[in-house]
2 protein chains.
Amino acid sequence: MKKPFIFITNDDGVNAKGLRTIIGVARKFGRVVAIAPETTQSGMAHAITMFQPLYLRTVEKSEDLAVYACSGTPVDCVKMGYDYLFPDDRPTLNISGINHGSNSAISVLYSGTMGAAIEASFYGSPSIGLSLTDHDMDADFEAASVFAEKVIGDILSARVESNMCLNINIPKGRPEEIKGFRICRQNKGYWKEEFYCRQDPRGKDYFWLTGDFFNQEPEARDTDEWALANGYISIVPVQVDMTDYRQIGELKKIIR
Amino acid sequence: MKKPFIFITNDDGVNAKGLRTIIGVARKFGRVVAIAPETTQSGMAHAITMFQPLYLRTVEKSEDLAVYACSGTPVDCVKMGYDYLFPDDRPTLNISGINHGSNSAISVLYSGTMGAAIEASFYGSPSIGLSLTDHDMDADFEAASVFAEKVIGDILSARVESNMCLNINIPKGRPEEIKGFRICRQNKGYWKEEFYCRQDPRGKDYFWLTGDFFNQEPEARDTDEWALANGYISIVPVQVDMTDYRQIGELKKIIR
């Protein structure tokens, strides 16, 4: 069997502990190419860089591992990999993360980690976004490593060849505290923002965006939020057809 | 009946012709507040600004119209509106656009126009993203205006109170050339990128991201791409649950 080729990116940038951690795990399975943003790109969602040129810097390169830093967004990193760096060499698996911080529920839409995971899945191989529910730059990734290794092994063993995309969130805690995996649906909820207003030295107001997540269905037991709150790793299969088929009939009555 | 309150944003920036056009149309129906990015934000998707403060500038203000410019992304503009500028005053309708360029098919994921339209729908009122399939900064918005007025009127007349979100794309052409509306689903396809490599004055390579859309189902007649190619305005109802329910059963066999 040909050695797996694993493509890795993230949104916390090329120096993030979560990236180094997952590179270490992935190397146990095969050859790794990582392209990560030069700077932190949290909250960049599915953004691409249209009005700036992109730079690509080689960070390290050996037979089984190449790491690059790209000046753009997480999605730019994926596109530079597939359409520039290795256009004729299809990865067996794509991994985005391990993110410092949760990307469950509606955060899948804001997340640069998940933007990159989704983008990578367009190229035909399975793709996983991995996030740890701990924002700390020095977070403990031991549990995340143990369970990431399990998931990667499972996907490679099953020889998944579709463009399956998974949003995987791992709760903070020691490996032995985690109860296992739960295949879930995306929880319903939204972010309510609060803007901190301050004044710059020239007397102009400026604002920091901060927010809290409101869970609209805390009782539902089949969601990613419930899984995480109850000590499980949440796995949500992600699709990219945004069509709300249920509304098509009603809409035909409203707009003619 | 209370006069409608219409919130407007876009991703081409506060000076875009498409924004001025839709403000003119919306004012026929009621009071308008527009918050648009200071600079062009095409391709910014659902990105939010986490590591920079935001500035908000009043561009013009009268009894029935207020226009602001925000230093952030389209989604930031929505959040600043709802959670800072008018937290106690709920818009009847949200409009994002009119975008200079198409946002059909998978472009819904990359589009700042649609990122903002989706975000606005989270706050509970209907939301429409409007795009014209013409990138020209001086594009002819006459047909877009005529049909936008029709759609806005239809939605207000139906008194839609849900957080319905519509991705509406209008083909280039004169009003009389357009065949009408088609309620569609999102077309399957992807962007294949090409990177133009150049050298900066210091001899370092840099890259421009450019791409072409590949339609994976050109024959399907119920998609937005088909509608646009055949002279119709496409309307796709958009939802934000990214869960791929069809995969849940299979996944439970692969990951335990």
# chains A, B, ... in the order shown; residues from 1 in each chain; ligands from 1
$ interface_residues --of "chain A" --to "chain B" --cutoff "7 Å" --atoms "only C-alpha atoms" --output "PyMOL selection string"
chain A and resi 43-50+53-55+79+83-84+109-110+122+151+154-155+158+181+183+185-186+190+193-195+205-209+236-244+247-248+252+254-256
$ select_by_dssp --residues "segment 32-174 of chain B" --states "alpha helix (DSSP H)" --output "compact mmCIF listing (two decimals) with all heavy atoms, in the first residue's frame"
# COMPACT_ATOMS: atom_id res chain seq x y z
N PRO B 74 -17.74 42.74 6.14
CA PRO B 74 -19.20 42.82 6.03
C PRO B 74 -19.92 42.27 7.27
O PRO B 74 -20.89 42.88 7.75
CB PRO B 74 -19.49 41.99 4.77
CG PRO B 74 -18.26 42.13 3.94
CD PRO B 74 -17.13 42.15 4.92
N VAL B 75 -19.45 41.14 7.79
CA VAL B 75 -20.11 40.58 8.99
C VAL B 75 -19.92 41.52 10.19
O VAL B 75 -20.85 41.71 10.99
CB VAL B 75 -19.60 39.15 9.29
CG1 VAL B 75 -20.08 38.66 10.65
CG2 VAL B 75 -20.07 38.19 8.20
N ASP B 76 -18.76 42.14 10.32
CA ASP B 76 -18.58 43.16 11.37
C ASP B 76 -19.62 44.26 11.24
O ASP B 76 -20.14 44.75 12.25
CB ASP B 76 -17.19 43.82 11.25
CG ASP B 76 -16.04 42.91 11.59
OD1 ASP B 76 -16.23 41.94 12.35
OD2 ASP B 76 -14.93 43.16 11.08
N CYS B 77 -19.90 44.70 10.00
CA CYS B 77 -20.88 45.77 9.78
C CYS B 77 -22.24 45.37 10.34
O CYS B 77 -22.93 46.17 10.98
CB CYS B 77 -21.04 46.06 8.28
SG CYS B 77 -19.58 46.81 7.52
N VAL B 78 -22.64 44.12 10.10
CA VAL B 78 -23.93 43.63 10.59
C VAL B 78 -23.95 43.63 12.12
O VAL B 78 -24.88 44.13 12.76
CB VAL B 78 -24.21 42.21 10.06
CG1 VAL B 78 -25.51 41.66 10.65
CG2 VAL B 78 -24.27 42.22 8.53
N LYS B 79 -22.89 43.11 12.71
CA LYS B 79 -22.82 43.03 14.17
C LYS B 79 -22.81 44.43 14.79
O LYS B 79 -23.47 44.67 15.81
CB LYS B 79 -21.58 42.24 14.58
CG LYS B 79 -21.68 40.74 14.28
CD LYS B 79 -20.43 40.00 14.75
CE LYS B 79 -20.50 38.50 14.49
NZ LYS B 79 -21.48 37.79 15.32
N MET B 80 -22.09 45.37 14.18
CA MET B 80 -22.07 46.73 14.71
C MET B 80 -23.45 47.35 14.63
O MET B 80 -23.85 48.13 15.50
CB MET B 80 -21.06 47.61 13.96
CG MET B 80 -19.63 47.31 14.35
SD MET B 80 -18.59 48.80 14.49
CE MET B 80 -18.97 49.36 16.16
N SER B 107 -19.87 29.93 -4.68
CA SER B 107 -19.40 31.27 -4.32
C SER B 107 -20.13 31.81 -3.10
O SER B 107 -19.65 32.74 -2.45
CB SER B 107 -19.54 32.23 -5.50
OG SER B 107 -18.78 31.77 -6.58
N VAL B 108 -21.28 31.24 -2.77
CA VAL B 108 -21.99 31.64 -1.54
C VAL B 108 -21.06 31.50 -0.33
O VAL B 108 -21.16 32.28 0.62
CB VAL B 108 -23.29 30.81 -1.36
CG1 VAL B 108 -23.01 29.35 -1.09
CG2 VAL B 108 -24.17 31.39 -0.25
N LEU B 109 -20.14 30.55 -0.38
CA LEU B 109 -19.24 30.35 0.77
C LEU B 109 -18.11 31.37 0.85
O LEU B 109 -17.60 31.65 1.92
CB LEU B 109 -18.58 28.96 0.71
CG LEU B 109 -19.41 27.74 1.06
CD1 LEU B 109 -18.49 26.54 1.24
CD2 LEU B 109 -20.23 27.94 2.32
N TYR B 110 -17.67 31.90 -0.29
CA TYR B 110 -16.55 32.84 -0.31
C TYR B 110 -17.02 34.30 -0.21
O TYR B 110 -16.25 35.19 0.09
CB TYR B 110 -15.77 32.72 -1.63
CG TYR B 110 -15.21 31.36 -1.92
CD1 TYR B 110 -15.87 30.47 -2.76
CD2 TYR B 110 -14.00 30.96 -1.37
CE1 TYR B 110 -15.36 29.21 -3.04
CE2 TYR B 110 -13.48 29.70 -1.65
CZ TYR B 110 -14.15 28.84 -2.49
OH TYR B 110 -13.64 27.60 -2.76
N GLY B 112 -18.42 37.84 0.66
CA GLY B 112 -18.67 38.74 1.78
C GLY B 112 -20.11 39.24 1.78
O GLY B 112 -20.71 39.45 2.84
N THR B 113 -20.66 39.44 0.60
CA THR B 113 -22.07 39.85 0.47
C THR B 113 -22.97 38.82 1.14
O THR B 113 -23.85 39.17 1.94
CB THR B 113 -22.46 39.94 -1.03
OG1 THR B 113 -21.61 40.91 -1.64
CG2 THR B 113 -23.90 40.34 -1.21
N MET B 114 -22.77 37.56 0.83
CA MET B 114 -23.61 36.51 1.41
C MET B 114 -23.26 36.24 2.87
O MET B 114 -24.13 35.93 3.68
CB MET B 114 -23.56 35.23 0.58
CG MET B 114 -24.34 35.32 -0.72
SD MET B 114 -26.04 35.99 -0.50
CE MET B 114 -26.74 34.79 0.64
N GLY B 115 -21.98 36.41 3.24
CA GLY B 115 -21.62 36.31 4.66
C GLY B 115 -22.45 37.28 5.49
O GLY B 115 -23.04 36.91 6.51
N ALA B 116 -22.54 38.52 5.01
CA ALA B 116 -23.31 39.54 5.73
C ALA B 116 -24.80 39.24 5.71
O ALA B 116 -25.50 39.42 6.71
CB ALA B 116 -23.04 40.92 5.12
N ALA B 117 -25.31 38.78 4.58
CA ALA B 117 -26.75 38.45 4.49
C ALA B 117 -27.09 37.32 5.47
O ALA B 117 -28.10 37.38 6.17
CB ALA B 117 -27.11 38.04 3.06
N ILE B 118 -26.25 36.31 5.53
CA ILE B 118 -26.48 35.19 6.45
C ILE B 118 -26.41 35.67 7.90
O ILE B 118 -27.27 35.37 8.72
CB ILE B 118 -25.45 34.07 6.18
CG1 ILE B 118 -25.74 33.42 4.82
CG2 ILE B 118 -25.47 33.03 7.29
CD1 ILE B 118 -24.63 32.50 4.30
N GLU B 119 -25.37 36.43 8.21
CA GLU B 119 -25.22 36.95 9.57
C GLU B 119 -26.46 37.75 9.99
O GLU B 119 -26.98 37.58 11.09
CB GLU B 119 -23.98 37.84 9.66
CG GLU B 119 -23.73 38.45 11.03
CD GLU B 119 -23.33 37.44 12.10
OE1 GLU B 119 -22.78 36.38 11.74
OE2 GLU B 119 -23.57 37.72 13.29
N ALA B 120 -26.93 38.63 9.09
CA ALA B 120 -28.09 39.47 9.42
C ALA B 120 -29.32 38.60 9.71
O ALA B 120 -30.13 38.94 10.58
CB ALA B 120 -28.36 40.44 8.28
N SER B 121 -29.45 37.49 9.01
CA SER B 121 -30.61 36.63 9.22
C SER B 121 -30.61 36.02 10.63
O SER B 121 -31.66 35.68 11.15
CB SER B 121 -30.68 35.52 8.16
OG SER B 121 -29.76 34.48 8.45
N GLU B 142 -29.67 48.94 -13.76
CA GLU B 142 -31.09 49.23 -13.97
C GLU B 142 -31.97 47.99 -13.77
O GLU B 142 -32.96 48.03 -13.03
CB GLU B 142 -31.34 49.84 -15.35
CG GLU B 142 -32.73 50.46 -15.40
CD GLU B 142 -33.05 51.09 -16.75
OE1 GLU B 142 -32.12 51.63 -17.39
OE2 GLU B 142 -34.23 51.02 -17.17
N ALA B 143 -31.61 46.89 -14.41
CA ALA B 143 -32.41 45.67 -14.25
C ALA B 143 -32.39 45.21 -12.79
O ALA B 143 -33.43 44.84 -12.23
CB ALA B 143 -31.87 44.56 -15.16
N ALA B 144 -31.22 45.28 -12.18
CA ALA B 144 -31.12 44.88 -10.77
C ALA B 144 -32.07 45.72 -9.90
O ALA B 144 -32.73 45.19 -9.00
CB ALA B 144 -29.68 45.02 -10.29
N SER B 145 -32.14 47.01 -10.19
CA SER B 145 -33.02 47.89 -9.40
C SER B 145 -34.48 47.51 -9.58
O SER B 145 -35.23 47.43 -8.61
CB SER B 145 -32.88 49.35 -9.86
OG SER B 145 -31.59 49.78 -9.67
N VAL B 146 -34.88 47.31 -10.82
CA VAL B 146 -36.28 46.99 -11.13
C VAL B 146 -36.69 45.72 -10.40
O VAL B 146 -37.73 45.68 -9.72
CB VAL B 146 -36.47 46.82 -12.66
CG1 VAL B 146 -37.84 46.22 -12.97
CG2 VAL B 146 -36.27 48.15 -13.37
N PHE B 147 -35.88 44.69 -10.50
CA PHE B 147 -36.26 43.40 -9.92
C PHE B 147 -36.04 43.38 -8.40
O PHE B 147 -36.77 42.70 -7.68
CB PHE B 147 -35.55 42.25 -10.64
CG PHE B 147 -36.10 42.02 -12.02
CD1 PHE B 147 -35.52 42.61 -13.15
CD2 PHE B 147 -37.24 41.26 -12.20
CE1 PHE B 147 -36.04 42.42 -14.42
CE2 PHE B 147 -37.77 41.06 -13.48
CZ PHE B 147 -37.18 41.65 -14.59
N ALA B 148 -35.05 44.13 -7.90
CA ALA B 148 -34.87 44.23 -6.45
C ALA B 148 -36.11 44.87 -5.84
O ALA B 148 -36.62 44.42 -4.81
CB ALA B 148 -33.63 45.05 -6.11
N GLU B 149 -36.64 45.89 -6.50
CA GLU B 149 -37.84 46.56 -5.99
C GLU B 149 -39.01 45.58 -5.92
O GLU B 149 -39.77 45.57 -4.94
CB GLU B 149 -38.17 47.76 -6.88
CG GLU B 149 -39.32 48.60 -6.34
CD GLU B 149 -39.49 49.94 -7.06
OE1 GLU B 149 -38.52 50.41 -7.71
OE2 GLU B 149 -40.59 50.50 -6.97
N LYS B 150 -39.12 44.75 -6.94
CA LYS B 150 -40.18 43.73 -6.96
C LYS B 150 -40.04 42.75 -5.79
O LYS B 150 -41.01 42.47 -5.05
CB LYS B 150 -40.11 43.00 -8.31
CG LYS B 150 -40.93 41.73 -8.42
CD LYS B 150 -42.39 41.98 -8.71
CE LYS B 150 -43.13 40.69 -9.11
NZ LYS B 150 -43.18 39.71 -8.00
N VAL B 151 -38.82 42.25 -5.57
CA VAL B 151 -38.59 41.27 -4.49
C VAL B 151 -38.82 41.89 -3.12
O VAL B 151 -39.46 41.30 -2.24
CB VAL B 151 -37.15 40.70 -4.57
CG1 VAL B 151 -36.79 39.93 -3.31
CG2 VAL B 151 -37.01 39.79 -5.77
N ILE B 152 -38.30 43.09 -2.93
CA ILE B 152 -38.49 43.77 -1.63
C ILE B 152 -39.98 43.96 -1.36
O ILE B 152 -40.48 43.68 -0.27
CB ILE B 152 -37.74 45.13 -1.61
CG1 ILE B 152 -36.24 44.90 -1.71
CG2 ILE B 152 -38.08 45.92 -0.34
CD1 ILE B 152 -35.43 46.18 -1.96
N GLY B 153 -40.70 44.40 -2.38
CA GLY B 153 -42.15 44.58 -2.24
C GLY B 153 -42.85 43.28 -1.89
O GLY B 153 -43.69 43.23 -0.99
N ASP B 154 -42.47 42.20 -2.57
CA ASP B 154 -43.08 40.89 -2.31
C ASP B 154 -42.84 40.44 -0.86
O ASP B 154 -43.73 39.94 -0.19
CB ASP B 154 -42.51 39.81 -3.25
CG ASP B 154 -43.05 39.95 -4.68
OD1 ASP B 154 -44.01 40.73 -4.87
OD2 ASP B 154 -42.51 39.28 -5.58
N ILE B 155 -41.60 40.59 -0.40
CA ILE B 155 -41.26 40.13 0.96
C ILE B 155 -41.97 40.98 2.02
O ILE B 155 -42.52 40.46 2.99
CB ILE B 155 -39.73 40.12 1.17
CG1 ILE B 155 -39.10 39.04 0.29
CG2 ILE B 155 -39.38 39.86 2.64
CD1 ILE B 155 -37.59 39.06 0.27
N LEU B 156 -42.00 42.29 1.79
CA LEU B 156 -42.68 43.15 2.76
C LEU B 156 -44.19 42.89 2.75
O LEU B 156 -44.82 42.85 3.80
CB LEU B 156 -42.38 44.63 2.49
CG LEU B 156 -40.92 45.07 2.71
CD1 LEU B 156 -40.74 46.54 2.34
CD2 LEU B 156 -40.47 44.85 4.16
N SER B 157 -44.77 42.70 1.57
CA SER B 157 -46.21 42.41 1.48
C SER B 157 -46.57 41.10 2.19
O SER B 157 -47.62 40.98 2.81
CB SER B 157 -46.67 42.28 0.03
OG SER B 157 -46.39 43.46 -0.65
$ residues_around --residues "segment 90-95 of chain B" --least-positions-apart "6" --cutoff "6 Å" --atoms "only C-alpha atoms" --output "JSON, numbers by chain"
{"B": [4, 5, 6, 7, 8, 125, 126, 127, 128, 129]}
$ write_last_selection --atoms "C-alpha atoms" --output "compact mmCIF listing (two decimals), in the first residue's frame"
# COMPACT_ATOMS: atom_id res chain seq x y z
CA PRO B 4 -40.47 49.43 7.38
CA PHE B 5 -36.92 49.76 8.69
CA ILE B 6 -34.43 48.38 6.20
CA PHE B 7 -30.83 47.58 7.09
CA ILE B 8 -28.31 47.55 4.25
CA SER B 125 -35.62 39.21 10.22
CA PRO B 126 -35.56 38.14 6.58
CA SER B 127 -32.39 38.85 4.73
CA ILE B 128 -31.50 39.03 1.05
CA GLY B 129 -28.16 39.08 -0.68
$ atom_distance --atom1 "atom CA of Pro171 of chain B" --atom2 "atom CA of Met137 of chain B"
15.6 Å
$ select_by_dssp --residues "segment 6-250 of chain B" --states "strand (DSSP E)" --output "PyMOL selection string"
chain B and resi 6-9+31-37+56-61+65-70+93-100+127-132+165-170+181-183+189-199+205-215+233-238
$ atom_distance --atom1 "atom CA of Val33 of chain A" --atom2 "atom CA of Phe214 of chain B"
26.0 Å
$ atom_distance --atom1 "atom CA of Glu60 of chain B" --atom2 "atom CA of Gln199 of chain A"
22.0 Å
